[in-house]
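Have a look at the structure below, then the notes.
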Amino acid sequence: MRIDWADGQMPVLRSIRERFSRDRPLDGLVVGLCLHITSETGVLVRALSAGGADVVLCASNPYATQADVAAALGDIAEVHVGAPDDWADSVAAVAARAPRIVLDDGADLLTALHSVPQLLEGMLGGTEETTTGLARLRAMDLAVPVLAVNEARAEKALNDRFGTGQSVMDGILRATNVLLAGQTVVVLGYGWTGRGVALAAQGLGASVIVCEVDPLRALEARMEGFSVTRSLDAAARGDVFITVTGGQDVLRAEHFAVMKDGAVLANAGHFDVEISLPDLRSAAQSVRDVLPLVRQYDLGGRRLNLLAGGRVVNLAAAEGHPAAVMDVSFALQALAAEALATGSFTPGVHPVPDGIEREVAALKLAALGVEIDELTPEQAAYRSLTSPPPGR
């Protein structure tokens, strides 16, 4: 029922599934997925299966599996889900099936496949959903092509900004039930995801401080109305801290030393390395779980509250992006898989073909009942001129 609910809010992927069931572009191919196992992922699995794929699935994060969804998918996919301590074994089990196409989120599956070269024989390629994963892949000597879904314009605008912005706030509120209005929220990182988080926090009445290492992004944040300062200065002012950089040790010992009593620490990045857990444990005199998703570190008169063990809060404490957002992300993934199955790409990281992006955007607009203009023949001809005539 959860998958059906999501399906009803994902008209783009539903239309792709209908075409896939006729054309069968993935017929006979083992397609390996290392993604967050949510109801929306279930809709993607349905589409790939309709296209003829033999789908093998594992979670891309030890704490990002909806158990009922994983169980429900057992009829149409091979699902590998274990306890958090067995997560790496689940990834290895999918890799062992030698998938021809991989849809990855964090590059763990693609990395595992590259560690056993014979598993890459006959592989057509993969996709990657995260900034962190693409950074890992670009540092590797890739033997297969990878389409950078995370860098697609539609992905950044909808998934990163609006999807993460809403779901991160959802996770924080579910875990703590704090009132964000009137609080100071510190957002560390102002990429597309950080922008969405800052905008969502501001919309809930919080004062937002942005911390960045990139001067261009910092300037954008300032011009968009947010306070911008160094993270150490912000550490003494913030009530809620949200890391979303894709880096490590963004909040560490010197930050914890000046934070207020009761400060809330949340991570919206893919891996649990942005908030330094070793530094937090070293600084604490005692640790206790005060709520199911809140671990409190007593630093001697000051208590810091870590959400969801420092893991990605919108999935570990909530249900991830809304289905309407994942409709676009997973439509891009499905069409990228089709392109890898039917096209020819050289090894390395490639952008998602422009035609795929435009098809997904057009389908989403149609589903929303939105019509847009088209260029007149004269306008199209004017654009094609290498030396436009002087203006009148």
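To be explicit about the labels: the chains of the structure tokens are called A, B, and onward in the order shown, and within each one the residues are counted from 1, while ligands get numbers from 1 in the order they are shown.
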(request) Pull the strand (DSSP E) assignments for region 17-148 of chain A out of DSSP run on the backbone, and list those residues as a ChimeraX atom specification. (result) /A:30-35,54-59,78-80,101-104,125-128,145-148
(message) I want to know what sits within 12 Å of Val187 (chain A), based on only C-alpha atoms, with residues of the same chain fewer than 6 positions away left out; could you give that as a PyMOL selection string?
(response) chain A and resi 165+168-169+193-202+206-212+218+221+226-231+234-235+238-245+250-251+265-269
Selection export as a short mmCIF file (atom, residue, chain, number, x, y, z; two decimals), in the first residue's frame, atoms kept: N, CA and C atoms:
data_model
loop_
_atom_site.label_atom_id
_atom_site.label_comp_id
_atom_site.auth_asym_id
_atom_site.auth_seq_id
_atom_site.Cartn_x
_atom_site.Cartn_y
_atom_site.Cartn_z
N GLY A 165 15.33 19.88 1.20
CA GLY A 165 14.93 20.97 2.10
C GLY A 165 13.75 20.58 2.97
N VAL A 168 14.59 17.14 5.26
CA VAL A 168 15.50 17.36 6.40
C VAL A 168 14.74 18.00 7.56
N MET A 169 13.92 19.00 7.27
CA MET A 169 13.12 19.59 8.34
C MET A 169 12.18 18.56 8.94
N THR A 193 21.68 21.49 -2.23
CA THR A 193 21.00 20.91 -1.08
C THR A 193 20.99 21.89 0.09
N GLY A 194 22.13 22.53 0.35
CA GLY A 194 22.19 23.50 1.43
C GLY A 194 21.23 24.66 1.20
N ARG A 195 21.08 25.06 -0.04
CA ARG A 195 20.12 26.12 -0.35
C ARG A 195 18.71 25.71 0.04
N GLY A 196 18.36 24.48 -0.30
CA GLY A 196 17.03 24.00 0.04
C GLY A 196 16.81 23.92 1.53
N VAL A 197 17.82 23.46 2.27
CA VAL A 197 17.71 23.36 3.73
C VAL A 197 17.57 24.76 4.34
N ALA A 198 18.39 25.70 3.86
CA ALA A 198 18.32 27.07 4.39
C ALA A 198 16.96 27.70 4.11
N LEU A 199 16.45 27.49 2.91
CA LEU A 199 15.15 28.05 2.53
C LEU A 199 14.03 27.46 3.38
N ALA A 200 14.08 26.13 3.60
CA ALA A 200 13.05 25.48 4.39
C ALA A 200 13.09 25.94 5.84
N ALA A 201 14.29 26.08 6.40
CA ALA A 201 14.41 26.55 7.79
C ALA A 201 13.89 27.97 7.93
N GLN A 202 14.23 28.80 6.96
CA GLN A 202 13.74 30.19 6.98
C GLN A 202 12.22 30.22 6.90
N ALA A 206 12.88 30.30 11.29
CA ALA A 206 14.19 30.33 11.90
C ALA A 206 15.06 31.44 11.30
N SER A 207 16.00 31.93 12.09
CA SER A 207 17.07 32.77 11.56
C SER A 207 18.17 31.83 11.08
N VAL A 208 18.66 32.05 9.87
CA VAL A 208 19.59 31.10 9.25
C VAL A 208 20.96 31.72 9.07
N ILE A 209 21.97 30.98 9.50
CA ILE A 209 23.37 31.34 9.25
C ILE A 209 23.95 30.28 8.32
N VAL A 210 24.64 30.72 7.29
CA VAL A 210 25.28 29.82 6.33
C VAL A 210 26.79 29.86 6.52
N CYS A 211 27.42 28.69 6.49
CA CYS A 211 28.88 28.60 6.55
C CYS A 211 29.36 27.91 5.27
N GLU A 212 30.38 28.44 4.65
CA GLU A 212 30.88 27.93 3.38
C GLU A 212 32.39 28.07 3.29
N ALA A 218 29.29 31.41 -0.88
CA ALA A 218 29.09 32.29 0.27
C ALA A 218 28.48 33.62 -0.16
N ALA A 221 24.80 33.12 -0.91
CA ALA A 221 24.01 33.03 0.32
C ALA A 221 23.77 34.41 0.91
N PHE A 226 20.81 35.57 3.65
CA PHE A 226 21.23 34.81 4.82
C PHE A 226 22.49 35.42 5.43
N SER A 227 22.63 35.28 6.74
CA SER A 227 23.88 35.65 7.39
C SER A 227 24.94 34.64 6.99
N VAL A 228 26.17 35.10 6.79
CA VAL A 228 27.27 34.21 6.41
C VAL A 228 28.44 34.51 7.33
N THR A 229 28.98 33.46 7.93
CA THR A 229 30.13 33.65 8.82
C THR A 229 30.92 32.36 8.91
N ARG A 230 32.04 32.41 9.62
CA ARG A 230 32.86 31.21 9.82
C ARG A 230 32.14 30.24 10.74
N SER A 231 32.41 28.97 10.56
CA SER A 231 31.71 27.96 11.35
C SER A 231 32.00 28.07 12.84
N ALA A 234 29.81 30.77 14.15
CA ALA A 234 28.42 30.33 14.16
C ALA A 234 28.17 29.31 15.26
N ALA A 235 29.21 28.55 15.65
CA ALA A 235 29.04 27.50 16.64
C ALA A 235 28.52 28.04 17.96
N GLY A 238 24.45 29.17 17.26
CA GLY A 238 23.41 28.31 16.72
C GLY A 238 22.64 27.51 17.76
N ASP A 239 21.39 27.22 17.43
CA ASP A 239 20.56 26.30 18.22
C ASP A 239 20.46 24.94 17.53
N VAL A 240 20.41 24.95 16.20
CA VAL A 240 20.32 23.73 15.41
C VAL A 240 21.39 23.80 14.32
N PHE A 241 22.18 22.75 14.17
CA PHE A 241 23.25 22.70 13.18
C PHE A 241 22.95 21.59 12.18
N ILE A 242 23.07 21.90 10.89
CA ILE A 242 22.79 20.93 9.84
C ILE A 242 23.96 20.92 8.86
N THR A 243 24.68 19.80 8.80
CA THR A 243 25.81 19.69 7.87
C THR A 243 25.33 19.11 6.56
N VAL A 244 25.77 19.69 5.46
CA VAL A 244 25.35 19.21 4.14
C VAL A 244 26.43 19.58 3.12
N THR A 245 27.65 19.07 3.38
CA THR A 245 28.81 19.45 2.57
C THR A 245 29.34 18.32 1.70
N VAL A 250 33.25 18.41 9.56
CA VAL A 250 32.80 19.79 9.38
C VAL A 250 32.53 20.44 10.73
N LEU A 251 31.93 19.66 11.64
CA LEU A 251 31.79 20.06 13.04
C LEU A 251 32.68 19.15 13.86
N LEU A 265 22.34 18.64 16.73
CA LEU A 265 23.29 18.38 15.65
C LEU A 265 22.67 17.38 14.68
N ALA A 266 22.54 17.76 13.42
CA ALA A 266 21.96 16.88 12.41
C ALA A 266 22.82 16.90 11.16
N ASN A 267 22.89 15.76 10.49
CA ASN A 267 23.65 15.66 9.24
C ASN A 267 22.70 15.32 8.10
N ALA A 268 22.82 16.05 6.99
CA ALA A 268 22.03 15.77 5.79
C ALA A 268 22.90 15.28 4.65
N GLY A 269 24.18 15.02 4.92
CA GLY A 269 25.07 14.47 3.91
C GLY A 269 24.93 12.95 3.85
#
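When CA of Arg46 (chain A) is paired with CA of Arg358 (chain A), their separation reads 22.8 Å.
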Please give the complete set of residues from region 291-329 of chain A that DSSP, run on the backbone, assigns to alpha helix (DSSP H), formatted as a PDB file with N, CA, C and O atoms, in the first residue's frame.
ATOM      1  N   VAL A 313      19.774  12.524   8.041  1.00  0.00           N
ATOM      2  CA  VAL A 313      18.643  12.677   8.949  1.00  0.00           C
ATOM      3  C   VAL A 313      17.300  12.562   8.247  1.00  0.00           C
ATOM      4  O   VAL A 313      16.310  12.118   8.849  1.00  0.00           O
ATOM      5  N   ASN A 314      17.237  12.943   6.979  1.00  0.00           N
ATOM      6  CA  ASN A 314      15.936  12.904   6.307  1.00  0.00           C
ATOM      7  C   ASN A 314      15.476  11.476   6.013  1.00  0.00           C
ATOM      8  O   ASN A 314      14.299  11.240   5.777  1.00  0.00           O
ATOM      9  N   LEU A 315      16.386  10.521   6.051  1.00  0.00           N
ATOM     10  CA  LEU A 315      16.017   9.119   5.865  1.00  0.00           C
ATOM     11  C   LEU A 315      16.058   8.335   7.168  1.00  0.00           C
ATOM     12  O   LEU A 315      15.206   7.482   7.411  1.00  0.00           O
ATOM     13  N   ALA A 316      17.042   8.626   8.012  1.00  0.00           N
ATOM     14  CA  ALA A 316      17.156   7.893   9.273  1.00  0.00           C
ATOM     15  C   ALA A 316      16.071   8.299  10.261  1.00  0.00           C
ATOM     16  O   ALA A 316      15.698   7.508  11.132  1.00  0.00           O
ATOM     17  N   ALA A 323       7.317  11.835  -2.701  1.00  0.00           N
ATOM     18  CA  ALA A 323       7.229  11.046  -3.930  1.00  0.00           C
ATOM     19  C   ALA A 323       7.222  11.931  -5.171  1.00  0.00           C
ATOM     20  O   ALA A 323       7.795  11.557  -6.206  1.00  0.00           O
ATOM     21  N   ALA A 324       6.594  13.105  -5.099  1.00  0.00           N
ATOM     22  CA  ALA A 324       6.521  13.987  -6.261  1.00  0.00           C
ATOM     23  C   ALA A 324       7.906  14.451  -6.704  1.00  0.00           C
ATOM     24  O   ALA A 324       8.126  14.717  -7.885  1.00  0.00           O
ATOM     25  N   VAL A 325       8.831  14.547  -5.763  1.00  0.00           N
ATOM     26  CA  VAL A 325      10.209  14.917  -6.088  1.00  0.00           C
ATOM     27  C   VAL A 325      10.959  13.722  -6.665  1.00  0.00           C
ATOM     28  O   VAL A 325      11.640  13.815  -7.689  1.00  0.00           O
ATOM     29  N   MET A 326      10.823  12.565  -6.009  1.00  0.00           N
ATOM     30  CA  MET A 326      11.516  11.373  -6.488  1.00  0.00           C
ATOM     31  C   MET A 326      10.994  10.919  -7.843  1.00  0.00           C
ATOM     32  O   MET A 326      11.667  10.169  -8.549  1.00  0.00           O
ATOM     33  N   ASP A 327       9.813  11.379  -8.209  1.00  0.00           N
ATOM     34  CA  ASP A 327       9.286  11.085  -9.543  1.00  0.00           C
ATOM     35  C   ASP A 327      10.271  11.534 -10.610  1.00  0.00           C
ATOM     36  O   ASP A 327      10.552  10.806 -11.580  1.00  0.00           O
ATOM     37  N   VAL A 328      10.837  12.725 -10.445  1.00  0.00           N
ATOM     38  CA  VAL A 328      11.802  13.248 -11.416  1.00  0.00           C
ATOM     39  C   VAL A 328      13.133  12.520 -11.304  1.00  0.00           C
ATOM     40  O   VAL A 328      13.721  12.095 -12.307  1.00  0.00           O
ATOM     41  N   SER A 329      13.629  12.338 -10.077  1.00  0.00           N
ATOM     42  CA  SER A 329      14.920  11.679  -9.891  1.00  0.00           C
ATOM     43  C   SER A 329      14.918  10.270 -10.474  1.00  0.00           C
ATOM     44  O   SER A 329      15.841   9.873 -11.196  1.00  0.00           O
TER      45      SER A 329
END
(request) Please measure the separation of CA of Gly300 (chain A) and CA of Ser286 (chain A), giving the value in Å to one decimal. (result)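 Rounded to one decimal, the two atoms are 8.5 Å apart.
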(message) Can you measure CA of Asp289 (chain A) to CA of Gly310 (chain A) for me? One decimal in Å is fine.
(response) 13.5 Å
(request) For region 19-34 of chain A, please output as a VMD selection string all residues within 6 Å (counting only C-alpha atoms; exclusion window: fewer than 2 positions along the same chain). (result) chain A and resid 16 to 17 50 to 60 99 to 104
(message) Under the rule that only C-alpha atoms are counted, which of A:Ile275, A:Ala70, A:Leu293, A:Ala152 is the nearest residue to Gly355 (chain A)?
(response)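 Using only C-alpha atoms, the shortest distance to Gly355 (chain A) belongs to A:Ala152.
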Using only C-alpha atoms, tabulate the residues of region 328-367 of chain A lying at most 9 Å from any atom of region 120-129 of chain A, each with its closest atom pair and that distance in Å to one decimal, by chain and increasing residue number, as CSV.
residue,atom,partner,partner_atom,distance
A:Ser329,CA,A:Glu129,CA,8.5
A:Gln333,CA,A:Thr127,CA,7.1
A:Ala336,CA,A:Thr127,CA,7.2
A:Ala337,CA,A:Gly126,CA,7.3
A:Leu340,CA,A:Leu124,CA,6.0
A:Ala341,CA,A:Leu124,CA,6.6
A:Ser344,CA,A:Leu124,CA,8.3
A:Phe345,CA,A:Gly125,CA,8.2
A:Pro347,CA,A:Gly125,CA,8.1
A:Val349,CA,A:Thr127,CA,8.9
